[in-house]
$ cat data.cif   # mmCIF, N, CA and C atoms
data_target
#
loop_
_atom_site.label_atom_id
_atom_site.label_comp_id
_atom_site.auth_asym_id
_atom_site.auth_seq_id
_atom_site.Cartn_x
_atom_site.Cartn_y
_atom_site.Cartn_z
N MET A 1 22.46 -4.97 -1.84
CA MET A 1 21.16 -5.29 -1.30
C MET A 1 20.11 -5.36 -2.40
N PHE A 2 20.07 -4.39 -3.29
CA PHE A 2 19.11 -4.44 -4.38
C PHE A 2 19.70 -3.80 -5.62
N ASN A 3 19.15 -4.19 -6.74
CA ASN A 3 19.58 -3.65 -8.02
C ASN A 3 18.64 -2.53 -8.43
N LYS A 4 19.09 -1.72 -9.33
CA LYS A 4 18.24 -0.65 -9.86
C LYS A 4 17.69 -1.11 -11.21
N ILE A 5 16.39 -0.97 -11.37
CA ILE A 5 15.80 -1.32 -12.65
C ILE A 5 15.49 -0.02 -13.40
N PRO A 6 15.40 -0.08 -14.72
CA PRO A 6 15.10 1.13 -15.49
C PRO A 6 13.73 1.72 -15.13
N PHE A 7 13.63 3.03 -15.24
CA PHE A 7 12.39 3.74 -14.94
C PHE A 7 11.21 3.14 -15.71
N GLU A 8 11.40 2.86 -16.99
CA GLU A 8 10.33 2.35 -17.85
C GLU A 8 9.79 1.01 -17.32
N VAL A 9 10.68 0.16 -16.85
CA VAL A 9 10.28 -1.15 -16.31
C VAL A 9 9.53 -0.95 -15.00
N ALA A 10 10.03 -0.07 -14.15
CA ALA A 10 9.38 0.21 -12.87
C ALA A 10 7.97 0.76 -13.10
N LYS A 11 7.84 1.69 -14.02
CA LYS A 11 6.54 2.29 -14.33
C LYS A 11 5.56 1.22 -14.81
N LYS A 12 6.04 0.31 -15.65
CA LYS A 12 5.18 -0.76 -16.19
C LYS A 12 4.73 -1.70 -15.07
N LEU A 13 5.61 -2.02 -14.13
CA LEU A 13 5.25 -2.90 -13.01
C LEU A 13 4.15 -2.29 -12.14
N LEU A 14 4.08 -0.96 -12.10
CA LEU A 14 3.13 -0.28 -11.23
C LEU A 14 1.94 0.32 -11.97
N GLU A 15 1.80 0.04 -13.26
CA GLU A 15 0.72 0.68 -14.00
C GLU A 15 -0.64 0.06 -13.73
N LYS A 16 -0.69 -1.23 -13.39
CA LYS A 16 -1.96 -1.89 -13.06
C LYS A 16 -2.19 -1.80 -11.55
N PRO A 17 -3.45 -1.75 -11.14
CA PRO A 17 -3.74 -1.65 -9.70
C PRO A 17 -3.17 -2.83 -8.91
N LEU A 18 -2.68 -2.51 -7.73
CA LEU A 18 -2.15 -3.52 -6.80
C LEU A 18 -2.90 -3.40 -5.48
N ILE A 19 -2.92 -4.49 -4.73
CA ILE A 19 -3.67 -4.53 -3.48
C ILE A 19 -2.74 -4.95 -2.34
N CYS A 20 -2.87 -4.26 -1.22
CA CYS A 20 -2.13 -4.59 -0.01
C CYS A 20 -3.15 -4.94 1.07
N ARG A 21 -3.11 -6.19 1.53
CA ARG A 21 -4.02 -6.64 2.60
C ARG A 21 -3.29 -7.66 3.47
N ASP A 22 -3.91 -8.05 4.53
CA ASP A 22 -3.36 -9.05 5.44
C ASP A 22 -1.99 -8.66 5.97
N PHE A 23 -1.82 -7.38 6.25
CA PHE A 23 -0.55 -6.94 6.80
C PHE A 23 -0.57 -7.11 8.31
N GLY A 24 0.59 -7.24 8.86
CA GLY A 24 0.72 -7.41 10.30
C GLY A 24 0.96 -6.09 10.99
N ASN A 25 1.69 -6.14 12.07
CA ASN A 25 2.00 -4.95 12.85
C ASN A 25 3.40 -4.45 12.54
N TRP A 26 3.66 -3.24 12.95
CA TRP A 26 5.01 -2.71 12.88
C TRP A 26 5.87 -3.56 13.82
N ILE A 27 7.06 -3.90 13.37
CA ILE A 27 7.96 -4.73 14.17
C ILE A 27 9.19 -3.92 14.54
N ALA A 28 9.52 -3.93 15.82
CA ALA A 28 10.71 -3.22 16.29
C ALA A 28 11.96 -3.92 15.76
N SER A 29 12.92 -3.12 15.32
CA SER A 29 14.18 -3.66 14.83
C SER A 29 14.99 -4.23 15.99
N LYS A 30 15.66 -5.33 15.74
CA LYS A 30 16.54 -5.92 16.76
C LYS A 30 17.85 -5.16 16.86
N LYS A 31 18.19 -4.39 15.81
CA LYS A 31 19.45 -3.67 15.77
C LYS A 31 19.38 -2.28 16.41
N ASN A 32 18.18 -1.65 16.34
CA ASN A 32 18.06 -0.28 16.81
C ASN A 32 16.65 -0.09 17.39
N SER A 33 16.55 0.32 18.63
CA SER A 33 15.25 0.46 19.28
C SER A 33 14.42 1.62 18.76
N TYR A 34 14.98 2.45 17.90
CA TYR A 34 14.25 3.59 17.35
C TYR A 34 13.69 3.29 15.97
N ILE A 35 13.88 2.07 15.48
CA ILE A 35 13.44 1.68 14.14
C ILE A 35 12.31 0.66 14.23
N TYR A 36 11.29 0.90 13.41
CA TYR A 36 10.17 -0.04 13.27
C TYR A 36 9.99 -0.31 11.78
N GLU A 37 9.66 -1.57 11.46
CA GLU A 37 9.50 -1.94 10.05
C GLU A 37 8.23 -2.75 9.85
N PHE A 38 7.82 -2.78 8.60
CA PHE A 38 6.60 -3.45 8.21
C PHE A 38 6.79 -3.97 6.79
N GLU A 39 6.42 -5.21 6.52
CA GLU A 39 6.52 -5.77 5.18
C GLU A 39 5.25 -6.51 4.84
N CYS A 40 4.90 -6.49 3.56
CA CYS A 40 3.69 -7.16 3.11
C CYS A 40 3.80 -7.46 1.62
N GLY A 41 3.41 -8.68 1.24
CA GLY A 41 3.35 -9.02 -0.17
C GLY A 41 2.16 -8.33 -0.81
N LEU A 42 2.27 -8.04 -2.10
CA LEU A 42 1.18 -7.39 -2.82
C LEU A 42 0.42 -8.39 -3.67
N LEU A 43 -0.82 -8.06 -3.95
CA LEU A 43 -1.67 -8.85 -4.84
C LEU A 43 -1.95 -8.03 -6.09
N ASP A 44 -2.14 -8.72 -7.22
CA ASP A 44 -2.50 -8.00 -8.43
C ASP A 44 -3.99 -7.69 -8.40
N GLN A 45 -4.52 -7.10 -9.47
CA GLN A 45 -5.92 -6.67 -9.48
C GLN A 45 -6.90 -7.84 -9.39
N ASP A 46 -6.44 -9.06 -9.70
CA ASP A 46 -7.28 -10.26 -9.57
C ASP A 46 -7.09 -10.92 -8.20
N GLU A 47 -6.38 -10.24 -7.31
CA GLU A 47 -6.06 -10.71 -5.96
C GLU A 47 -5.22 -11.99 -5.96
N MET A 48 -4.36 -12.10 -6.95
CA MET A 48 -3.39 -13.19 -7.02
C MET A 48 -2.04 -12.64 -6.56
N THR A 49 -1.24 -13.49 -5.92
CA THR A 49 0.07 -13.04 -5.48
C THR A 49 0.93 -12.68 -6.68
N CYS A 50 1.80 -11.73 -6.48
CA CYS A 50 2.74 -11.34 -7.52
C CYS A 50 4.12 -11.20 -6.87
N SER A 51 5.11 -10.85 -7.64
CA SER A 51 6.47 -10.79 -7.12
C SER A 51 6.77 -9.49 -6.36
N LEU A 52 5.80 -8.59 -6.31
CA LEU A 52 6.03 -7.30 -5.66
C LEU A 52 5.65 -7.34 -4.18
N HIS A 53 6.41 -6.61 -3.39
CA HIS A 53 6.03 -6.44 -1.98
C HIS A 53 6.47 -5.07 -1.50
N VAL A 54 5.81 -4.64 -0.42
CA VAL A 54 6.14 -3.34 0.16
C VAL A 54 6.96 -3.55 1.43
N LYS A 55 7.81 -2.58 1.69
CA LYS A 55 8.57 -2.55 2.93
C LYS A 55 8.57 -1.11 3.41
N PHE A 56 8.09 -0.90 4.63
CA PHE A 56 8.07 0.43 5.24
C PHE A 56 9.07 0.43 6.39
N HIS A 57 9.78 1.54 6.50
CA HIS A 57 10.81 1.70 7.52
C HIS A 57 10.55 3.04 8.20
N TYR A 58 10.44 3.02 9.53
CA TYR A 58 10.17 4.23 10.30
C TYR A 58 11.26 4.39 11.36
N PHE A 59 11.80 5.59 11.46
CA PHE A 59 12.83 5.90 12.45
C PHE A 59 12.43 7.17 13.19
N TYR A 60 12.54 7.14 14.51
CA TYR A 60 12.32 8.33 15.32
C TYR A 60 13.28 8.30 16.49
N HIS A 61 14.02 9.40 16.66
CA HIS A 61 14.93 9.50 17.79
C HIS A 61 14.37 10.53 18.77
N PRO A 62 14.02 10.13 19.98
CA PRO A 62 13.37 11.04 20.92
C PRO A 62 14.22 12.22 21.38
N LEU A 63 15.54 12.09 21.35
CA LEU A 63 16.40 13.19 21.79
C LEU A 63 16.60 14.23 20.68
N THR A 64 16.90 13.77 19.48
CA THR A 64 17.17 14.70 18.38
C THR A 64 15.89 15.11 17.65
N LYS A 65 14.82 14.34 17.87
CA LYS A 65 13.53 14.57 17.20
C LYS A 65 13.60 14.34 15.68
N VAL A 66 14.64 13.65 15.22
CA VAL A 66 14.75 13.31 13.80
C VAL A 66 13.78 12.17 13.52
N THR A 67 13.00 12.33 12.47
CA THR A 67 12.04 11.31 12.03
C THR A 67 12.29 11.02 10.57
N SER A 68 12.24 9.76 10.19
CA SER A 68 12.34 9.44 8.76
C SER A 68 11.41 8.29 8.42
N TYR A 69 10.87 8.37 7.20
CA TYR A 69 10.02 7.33 6.65
C TYR A 69 10.66 6.89 5.34
N THR A 70 10.73 5.59 5.12
CA THR A 70 11.15 5.06 3.83
C THR A 70 10.10 4.04 3.44
N LEU A 71 9.36 4.36 2.38
CA LEU A 71 8.27 3.50 1.91
C LEU A 71 8.69 2.97 0.54
N SER A 72 8.76 1.65 0.41
CA SER A 72 9.34 1.04 -0.78
C SER A 72 8.48 -0.06 -1.36
N VAL A 73 8.62 -0.23 -2.68
CA VAL A 73 8.08 -1.40 -3.39
C VAL A 73 9.28 -2.10 -4.00
N PHE A 74 9.38 -3.40 -3.75
CA PHE A 74 10.46 -4.21 -4.31
C PHE A 74 9.88 -5.32 -5.18
N ASP A 75 10.65 -5.71 -6.18
CA ASP A 75 10.33 -6.86 -7.01
C ASP A 75 11.27 -7.97 -6.58
N LYS A 76 10.72 -9.03 -5.99
CA LYS A 76 11.55 -10.14 -5.51
C LYS A 76 11.88 -11.07 -6.67
N GLN A 77 13.16 -11.29 -6.85
CA GLN A 77 13.65 -12.20 -7.87
C GLN A 77 14.51 -13.26 -7.20
N LEU A 78 14.83 -14.31 -7.91
CA LEU A 78 15.67 -15.37 -7.34
C LEU A 78 17.03 -14.84 -6.90
N TYR A 79 17.54 -13.85 -7.61
CA TYR A 79 18.87 -13.31 -7.33
C TYR A 79 18.86 -12.15 -6.33
N GLY A 80 17.70 -11.77 -5.87
CA GLY A 80 17.62 -10.68 -4.90
C GLY A 80 16.44 -9.77 -5.17
N MET A 81 16.46 -8.63 -4.49
CA MET A 81 15.36 -7.68 -4.63
C MET A 81 15.76 -6.52 -5.51
N GLU A 82 14.80 -6.08 -6.32
CA GLU A 82 15.02 -4.89 -7.15
C GLU A 82 14.07 -3.80 -6.67
N ARG A 83 14.62 -2.63 -6.43
CA ARG A 83 13.78 -1.53 -6.00
C ARG A 83 12.99 -1.00 -7.19
N VAL A 84 11.68 -1.00 -7.06
CA VAL A 84 10.80 -0.49 -8.10
C VAL A 84 10.49 0.98 -7.82
N TYR A 85 10.12 1.26 -6.58
CA TYR A 85 9.78 2.62 -6.17
C TYR A 85 10.17 2.79 -4.70
N GLN A 86 10.61 4.00 -4.35
CA GLN A 86 10.93 4.28 -2.95
C GLN A 86 10.74 5.76 -2.67
N LEU A 87 10.05 6.04 -1.59
CA LEU A 87 9.86 7.41 -1.10
C LEU A 87 10.62 7.55 0.20
N GLU A 88 11.47 8.56 0.28
CA GLU A 88 12.25 8.81 1.49
C GLU A 88 11.97 10.22 1.99
N VAL A 89 11.46 10.30 3.22
CA VAL A 89 11.15 11.58 3.83
C VAL A 89 11.86 11.65 5.17
N LYS A 90 12.60 12.74 5.38
CA LYS A 90 13.31 12.94 6.64
C LYS A 90 12.90 14.28 7.20
N LYS A 91 12.54 14.28 8.49
CA LYS A 91 12.17 15.51 9.19
C LYS A 91 13.19 15.76 10.28
N ASN A 92 13.63 17.01 10.35
CA ASN A 92 14.64 17.37 11.33
C ASN A 92 14.40 18.82 11.74
N LYS A 93 14.65 19.13 13.01
CA LYS A 93 14.50 20.52 13.46
C LYS A 93 15.51 21.43 12.76
N LYS A 94 16.69 20.86 12.47
CA LYS A 94 17.72 21.63 11.77
C LYS A 94 17.51 21.51 10.26
N LYS A 95 17.94 22.52 9.53
CA LYS A 95 17.83 22.47 8.07
C LYS A 95 18.73 21.37 7.53
N ILE A 96 18.17 20.55 6.64
CA ILE A 96 18.93 19.46 6.03
C ILE A 96 19.71 20.01 4.84
N LYS A 97 21.03 19.86 4.88
CA LYS A 97 21.88 20.41 3.82
C LYS A 97 22.31 19.35 2.81
N ASP A 98 22.49 18.12 3.26
CA ASP A 98 22.91 17.04 2.38
C ASP A 98 21.78 16.70 1.41
N ILE A 99 22.05 16.80 0.11
CA ILE A 99 21.02 16.61 -0.89
C ILE A 99 20.40 15.21 -0.84
N HIS A 100 21.20 14.19 -0.48
CA HIS A 100 20.65 12.85 -0.44
C HIS A 100 19.74 12.64 0.78
N SER A 101 19.93 13.42 1.82
CA SER A 101 19.09 13.30 3.01
C SER A 101 17.78 14.07 2.90
N LYS A 102 17.68 14.95 1.92
CA LYS A 102 16.44 15.69 1.72
C LYS A 102 15.38 14.74 1.14
N PRO A 103 14.10 15.03 1.38
CA PRO A 103 13.05 14.17 0.86
C PRO A 103 13.16 13.99 -0.66
N HIS A 104 12.98 12.74 -1.09
CA HIS A 104 13.06 12.42 -2.52
C HIS A 104 12.40 11.08 -2.79
N GLU A 105 12.25 10.76 -4.05
CA GLU A 105 11.71 9.47 -4.43
C GLU A 105 12.54 8.87 -5.55
N HIS A 106 12.55 7.53 -5.59
CA HIS A 106 13.22 6.79 -6.65
C HIS A 106 12.14 6.03 -7.40
N PHE A 107 12.13 6.17 -8.71
CA PHE A 107 11.24 5.39 -9.57
C PHE A 107 12.15 4.59 -10.47
N GLY A 108 12.41 3.34 -10.11
CA GLY A 108 13.42 2.57 -10.83
C GLY A 108 14.76 3.25 -10.63
N ASP A 109 15.46 3.54 -11.73
CA ASP A 109 16.77 4.18 -11.64
C ASP A 109 16.70 5.71 -11.67
N MET A 110 15.48 6.26 -11.67
CA MET A 110 15.31 7.71 -11.71
C MET A 110 15.09 8.24 -10.30
N ARG A 111 15.76 9.35 -9.98
CA ARG A 111 15.61 9.99 -8.67
C ARG A 111 14.98 11.35 -8.84
N ASN A 112 13.91 11.62 -8.09
CA ASN A 112 13.24 12.92 -8.13
C ASN A 112 13.33 13.57 -6.76
N ALA A 113 13.81 14.80 -6.74
CA ALA A 113 13.86 15.54 -5.48
C ALA A 113 12.45 15.95 -5.09
N GLY A 114 12.14 15.85 -3.80
CA GLY A 114 10.85 16.31 -3.30
C GLY A 114 10.90 17.81 -3.08
N ASP A 115 9.73 18.41 -2.95
CA ASP A 115 9.74 19.85 -2.69
C ASP A 115 9.84 20.10 -1.18
N GLU A 116 9.99 21.34 -0.80
CA GLU A 116 10.21 21.69 0.61
C GLU A 116 9.06 21.24 1.52
N GLY A 117 7.85 21.19 0.97
CA GLY A 117 6.69 20.79 1.76
C GLY A 117 6.77 19.36 2.27
N TRP A 118 7.51 18.50 1.56
CA TRP A 118 7.61 17.10 1.97
C TRP A 118 8.24 16.95 3.35
N SER A 119 9.11 17.87 3.73
CA SER A 119 9.77 17.79 5.03
C SER A 119 8.80 17.93 6.19
N GLY A 120 7.63 18.47 5.93
CA GLY A 120 6.63 18.64 6.97
C GLY A 120 5.62 17.51 7.03
N TRP A 121 5.77 16.53 6.16
CA TRP A 121 4.81 15.43 6.11
C TRP A 121 4.87 14.55 7.36
N ASN A 122 3.70 14.08 7.77
CA ASN A 122 3.64 13.03 8.77
C ASN A 122 3.51 11.70 8.01
N PHE A 123 3.36 10.60 8.74
CA PHE A 123 3.30 9.30 8.08
C PHE A 123 2.11 9.20 7.13
N THR A 124 0.96 9.73 7.54
CA THR A 124 -0.24 9.66 6.71
C THR A 124 -0.03 10.39 5.39
N ASP A 125 0.62 11.55 5.42
CA ASP A 125 0.91 12.30 4.19
C ASP A 125 1.83 11.50 3.27
N ALA A 126 2.88 10.93 3.85
CA ALA A 126 3.83 10.15 3.06
C ALA A 126 3.15 8.92 2.46
N LEU A 127 2.33 8.24 3.26
CA LEU A 127 1.62 7.06 2.78
C LEU A 127 0.67 7.41 1.63
N GLU A 128 -0.03 8.52 1.75
CA GLU A 128 -0.95 8.96 0.70
C GLU A 128 -0.21 9.18 -0.62
N HIS A 129 0.93 9.85 -0.57
CA HIS A 129 1.73 10.09 -1.77
C HIS A 129 2.25 8.77 -2.34
N PHE A 130 2.72 7.90 -1.46
CA PHE A 130 3.24 6.60 -1.86
C PHE A 130 2.18 5.79 -2.61
N LEU A 131 0.97 5.73 -2.04
CA LEU A 131 -0.11 4.96 -2.66
C LEU A 131 -0.50 5.52 -4.01
N LYS A 132 -0.50 6.84 -4.13
CA LYS A 132 -0.83 7.48 -5.41
C LYS A 132 0.22 7.15 -6.47
N GLN A 133 1.49 7.21 -6.11
CA GLN A 133 2.58 6.97 -7.05
C GLN A 133 2.67 5.49 -7.47
N THR A 134 2.29 4.58 -6.57
CA THR A 134 2.48 3.16 -6.83
C THR A 134 1.22 2.42 -7.27
N ASN A 135 0.08 3.11 -7.27
CA ASN A 135 -1.17 2.50 -7.71
C ASN A 135 -1.58 1.34 -6.78
N ILE A 136 -1.28 1.48 -5.49
CA ILE A 136 -1.61 0.45 -4.51
C ILE A 136 -2.85 0.87 -3.73
N LYS A 137 -3.75 -0.09 -3.54
CA LYS A 137 -4.95 0.13 -2.73
C LYS A 137 -4.79 -0.66 -1.44
N ILE A 138 -5.00 0.01 -0.32
CA ILE A 138 -4.92 -0.63 0.99
C ILE A 138 -6.31 -1.14 1.35
N ILE A 139 -6.40 -2.41 1.70
CA ILE A 139 -7.64 -2.96 2.22
C ILE A 139 -7.41 -3.19 3.70
N GLY A 140 -8.13 -2.45 4.51
CA GLY A 140 -7.90 -2.46 5.95
C GLY A 140 -7.22 -1.16 6.34
N GLU A 141 -6.51 -1.20 7.43
CA GLU A 141 -5.84 0.01 7.92
C GLU A 141 -4.41 -0.31 8.32
N ILE A 142 -3.51 0.53 7.86
CA ILE A 142 -2.13 0.46 8.33
C ILE A 142 -2.00 1.57 9.37
N GLU A 143 -1.77 1.17 10.59
CA GLU A 143 -1.66 2.17 11.64
C GLU A 143 -0.38 2.96 11.51
N SER A 144 -0.45 4.22 11.86
CA SER A 144 0.73 5.07 11.83
C SER A 144 1.71 4.61 12.90
N PRO A 145 2.99 4.50 12.57
CA PRO A 145 3.97 4.11 13.58
C PRO A 145 4.19 5.23 14.60
N GLU A 146 3.68 6.41 14.31
CA GLU A 146 3.81 7.53 15.24
C GLU A 146 2.77 7.48 16.36
N GLU A 147 1.78 6.62 16.19
CA GLU A 147 0.68 6.55 17.14
C GLU A 147 0.46 5.10 17.57
N PHE A 148 1.37 4.56 18.32
CA PHE A 148 1.22 3.17 18.77
C PHE A 148 0.05 3.07 19.73
N LYS A 149 -0.80 2.09 19.45
CA LYS A 149 -1.99 1.88 20.26
C LYS A 149 -1.89 0.55 20.99
N LEU A 150 -2.33 0.55 22.23
CA LEU A 150 -2.39 -0.70 22.98
C LEU A 150 -3.59 -1.48 22.50
N LYS A 151 -3.42 -2.80 22.42
CA LYS A 151 -4.54 -3.64 21.94
C LYS A 151 -5.09 -4.46 23.06
#
$ encode --input "data.cif" --output "C-alpha cells"
Amino acid sequence: MFNKIPFEVAKKLLEKPLICRDFGNWIASKKNSYIYEFECGLLDQDEMTCSLHVKFHYFYHPLTKVTSYTLSVFDKQLYGMERVYQLEVKKNKKKIKDIHSKPHEHFGDMRNAGDEGWSGWNFTDALEHFLKQTNIKIIGEIESPEEFKLK
C-alpha cells in the first residue's frame, strides 16, 4: 500500500508550514459500518497544491467500546503513496498488551512509542498532537467523528 521513506526525508517534507482547508465530511466506509474516513490535499505556505495529503481513519465499535484514530500524512507519487507521518491511537477498556496496538507514531521509517497518557486521548487530543508534529494549520473546522451533528 505504501512505502517507508527515511526519517530525514519525512522531517524535511514537514518542516515548512502546511495548510489544510476545503475538507469535506467524514465518510462512512463501505466495508465496515464502524469506520469513518476523511481525506484532504494539503497546500504549502503559499497556498499552492503540493504532493502531500492527509488521511484520517476513525473506528468505534459500540459493543466492545474499542476506539481507534489513525491520522496520516502521505506523499503521493506516480508509483503510489509514501507514508510521511502517522499517529495511531487505540483506546480499549482492556489493557492493550500487543506492542503494535499500543499508541505510537511513525515519522518516515522511524517508530516512536507513545506514552500511557495517549490511550486516554479523544479525537481533539490526537488531532492537536498530529498538527503539532506535522506543522499543519487547519483553516476552518474538522468536526470530531465522535460527535456527529445533524445539518
$ resolve_selection --input "data.cif" --expression "the PyMOL selection byres ((chain A and resi 24-41) around 6)" --output "count of residues only"
15
$ residues_near_point --input "data.cif" --point "(2.0, -6.3, -9.3)" --cutoff "6.5 Å" --atoms "all atoms listed in the file" --output "number ranges by chain"
A: 13-14, 17-18, 42-44, 50-52
$ atom_distance --input "data.cif" --atom1 "atom N of Gln77 (chain A)" --atom2 "CA of Glu15 (chain A)"
18.7 Å
$ residues_around --input "data.cif" --residues "Lys93 (chain A)" --least-positions-apart "2" --cutoff "12 Å" --atoms "only C-alpha atoms" --output "list in words"
His61, Leu63, Thr64, Lys65, Val66, Thr67, Lys90, Lys91, Lys95, Ile96, Ser119 and Gly120 of chain A
$ write_last_selection --input "data.cif" --atoms "N, CA and C atoms" --output "PDB file, in the frame of the given file"
ATOM      1  N   HIS A  61      14.020   9.400  16.660  1.00  0.00           N
ATOM      2  CA  HIS A  61      14.930   9.500  17.790  1.00  0.00           C
ATOM      3  C   HIS A  61      14.370  10.530  18.770  1.00  0.00           C
ATOM      4  N   LEU A  63      15.540  12.090  21.350  1.00  0.00           N
ATOM      5  CA  LEU A  63      16.400  13.190  21.790  1.00  0.00           C
ATOM      6  C   LEU A  63      16.600  14.230  20.680  1.00  0.00           C
ATOM      7  N   THR A  64      16.900  13.770  19.480  1.00  0.00           N
ATOM      8  CA  THR A  64      17.170  14.700  18.380  1.00  0.00           C
ATOM      9  C   THR A  64      15.890  15.110  17.650  1.00  0.00           C
ATOM     10  N   LYS A  65      14.820  14.340  17.870  1.00  0.00           N
ATOM     11  CA  LYS A  65      13.530  14.570  17.200  1.00  0.00           C
ATOM     12  C   LYS A  65      13.600  14.340  15.680  1.00  0.00           C
ATOM     13  N   VAL A  66      14.640  13.650  15.220  1.00  0.00           N
ATOM     14  CA  VAL A  66      14.750  13.310  13.800  1.00  0.00           C
ATOM     15  C   VAL A  66      13.780  12.170  13.520  1.00  0.00           C
ATOM     16  N   THR A  67      13.000  12.330  12.470  1.00  0.00           N
ATOM     17  CA  THR A  67      12.040  11.310  12.030  1.00  0.00           C
ATOM     18  C   THR A  67      12.290  11.020  10.570  1.00  0.00           C
ATOM     19  N   LYS A  90      12.600  12.740   5.380  1.00  0.00           N
ATOM     20  CA  LYS A  90      13.310  12.940   6.640  1.00  0.00           C
ATOM     21  C   LYS A  90      12.900  14.280   7.200  1.00  0.00           C
ATOM     22  N   LYS A  91      12.540  14.280   8.490  1.00  0.00           N
ATOM     23  CA  LYS A  91      12.170  15.510   9.190  1.00  0.00           C
ATOM     24  C   LYS A  91      13.190  15.760  10.280  1.00  0.00           C
ATOM     25  N   LYS A  95      17.940  22.520   9.530  1.00  0.00           N
ATOM     26  CA  LYS A  95      17.830  22.470   8.070  1.00  0.00           C
ATOM     27  C   LYS A  95      18.730  21.370   7.530  1.00  0.00           C
ATOM     28  N   ILE A  96      18.170  20.550   6.640  1.00  0.00           N
ATOM     29  CA  ILE A  96      18.930  19.460   6.030  1.00  0.00           C
ATOM     30  C   ILE A  96      19.710  20.010   4.840  1.00  0.00           C
ATOM     31  N   SER A 119       9.110  17.870   3.730  1.00  0.00           N
ATOM     32  CA  SER A 119       9.770  17.790   5.030  1.00  0.00           C
ATOM     33  C   SER A 119       8.800  17.930   6.190  1.00  0.00           C
ATOM     34  N   GLY A 120       7.630  18.470   5.930  1.00  0.00           N
ATOM     35  CA  GLY A 120       6.630  18.640   6.970  1.00  0.00           C
ATOM     36  C   GLY A 120       5.620  17.510   7.030  1.00  0.00           C
TER      37      GLY A 120
END
$ resolve_selection --input "data.cif" --expression "the PyMOL selection byres (((chain A and resi 115 and name CA) around 12) and name CA)" --output "CSV table (one decimal) with N, CA and C atoms, in the coordinates of the input"
chain,number,residue,atom,x,y,z
A,89,VAL,N,11.5,10.3,3.2
A,89,VAL,CA,11.2,11.6,3.8
A,89,VAL,C,11.9,11.6,5.2
A,99,ILE,N,22.0,16.8,0.1
A,99,ILE,CA,21.0,16.6,-0.9
A,99,ILE,C,20.4,15.2,-0.8
A,102,LYS,N,17.7,15.0,1.9
A,102,LYS,CA,16.4,15.7,1.7
A,102,LYS,C,15.4,14.7,1.1
A,103,PRO,N,14.1,15.0,1.4
A,103,PRO,CA,13.0,14.2,0.9
A,103,PRO,C,13.2,14.0,-0.7
A,104,HIS,N,13.0,12.7,-1.1
A,104,HIS,CA,13.1,12.4,-2.5
A,104,HIS,C,12.4,11.1,-2.8
A,105,GLU,N,12.2,10.8,-4.0
A,105,GLU,CA,11.7,9.5,-4.4
A,105,GLU,C,12.5,8.9,-5.6
A,112,ASN,N,13.9,11.6,-8.1
A,112,ASN,CA,13.2,12.9,-8.1
A,112,ASN,C,13.3,13.6,-6.8
A,113,ALA,N,13.8,14.8,-6.7
A,113,ALA,CA,13.9,15.5,-5.5
A,113,ALA,C,12.4,16.0,-5.1
A,114,GLY,N,12.1,15.8,-3.8
A,114,GLY,CA,10.8,16.3,-3.3
A,114,GLY,C,10.9,17.8,-3.1
A,116,GLU,N,10.0,21.3,-0.8
A,116,GLU,CA,10.2,21.7,0.6
A,116,GLU,C,9.1,21.2,1.5
A,117,GLY,N,7.8,21.2,1.0
A,117,GLY,CA,6.7,20.8,1.8
A,117,GLY,C,6.8,19.4,2.3
A,118,TRP,N,7.5,18.5,1.6
A,118,TRP,CA,7.6,17.1,2.0
A,118,TRP,C,8.2,17.0,3.4
A,119,SER,N,9.1,17.9,3.7
A,119,SER,CA,9.8,17.8,5.0
A,119,SER,C,8.8,17.9,6.2
A,120,GLY,N,7.6,18.5,5.9
A,120,GLY,CA,6.6,18.6,7.0
A,120,GLY,C,5.6,17.5,7.0
A,121,TRP,N,5.8,16.5,6.2
A,121,TRP,CA,4.8,15.4,6.1
A,121,TRP,C,4.9,14.6,7.4
$ decode --input "data.cif" --residues "region 25-35 of chain A" --atoms "N, CA and C atoms" --output "short mmCIF file (atom, residue, chain, number, x, y, z; two decimals), in the first residue's frame"
data_model
loop_
_atom_site.label_atom_id
_atom_site.label_comp_id
_atom_site.auth_asym_id
_atom_site.auth_seq_id
_atom_site.Cartn_x
_atom_site.Cartn_y
_atom_site.Cartn_z
N ASN A 25 -16.70 16.09 4.58
CA ASN A 25 -17.21 15.43 5.78
C ASN A 25 -16.57 14.07 5.95
N TRP A 26 -16.72 13.53 7.14
CA TRP A 26 -16.32 12.15 7.38
C TRP A 26 -17.21 11.27 6.51
N ILE A 27 -16.61 10.27 5.89
CA ILE A 27 -17.35 9.37 5.01
C ILE A 27 -17.35 7.97 5.61
N ALA A 28 -18.54 7.38 5.70
CA ALA A 28 -18.65 6.02 6.22
C ALA A 28 -18.02 5.04 5.23
N SER A 29 -17.29 4.09 5.77
CA SER A 29 -16.67 3.06 4.94
C SER A 29 -17.74 2.13 4.37
N LYS A 30 -17.54 1.71 3.14
CA LYS A 30 -18.47 0.75 2.53
C LYS A 30 -18.20 -0.66 3.03
N LYS A 31 -17.00 -0.89 3.59
CA LYS A 31 -16.61 -2.22 4.04
C LYS A 31 -17.01 -2.51 5.49
N ASN A 32 -17.07 -1.44 6.32
CA ASN A 32 -17.33 -1.64 7.73
C ASN A 32 -18.11 -0.44 8.26
N SER A 33 -19.27 -0.67 8.84
CA SER A 33 -20.13 0.42 9.30
C SER A 33 -19.59 1.14 10.53
N TYR A 34 -18.52 0.64 11.13
CA TYR A 34 -17.93 1.28 12.30
C TYR A 34 -16.74 2.16 11.94
N ILE A 35 -16.43 2.28 10.66
CA ILE A 35 -15.27 3.05 10.20
C ILE A 35 -15.74 4.29 9.44
#
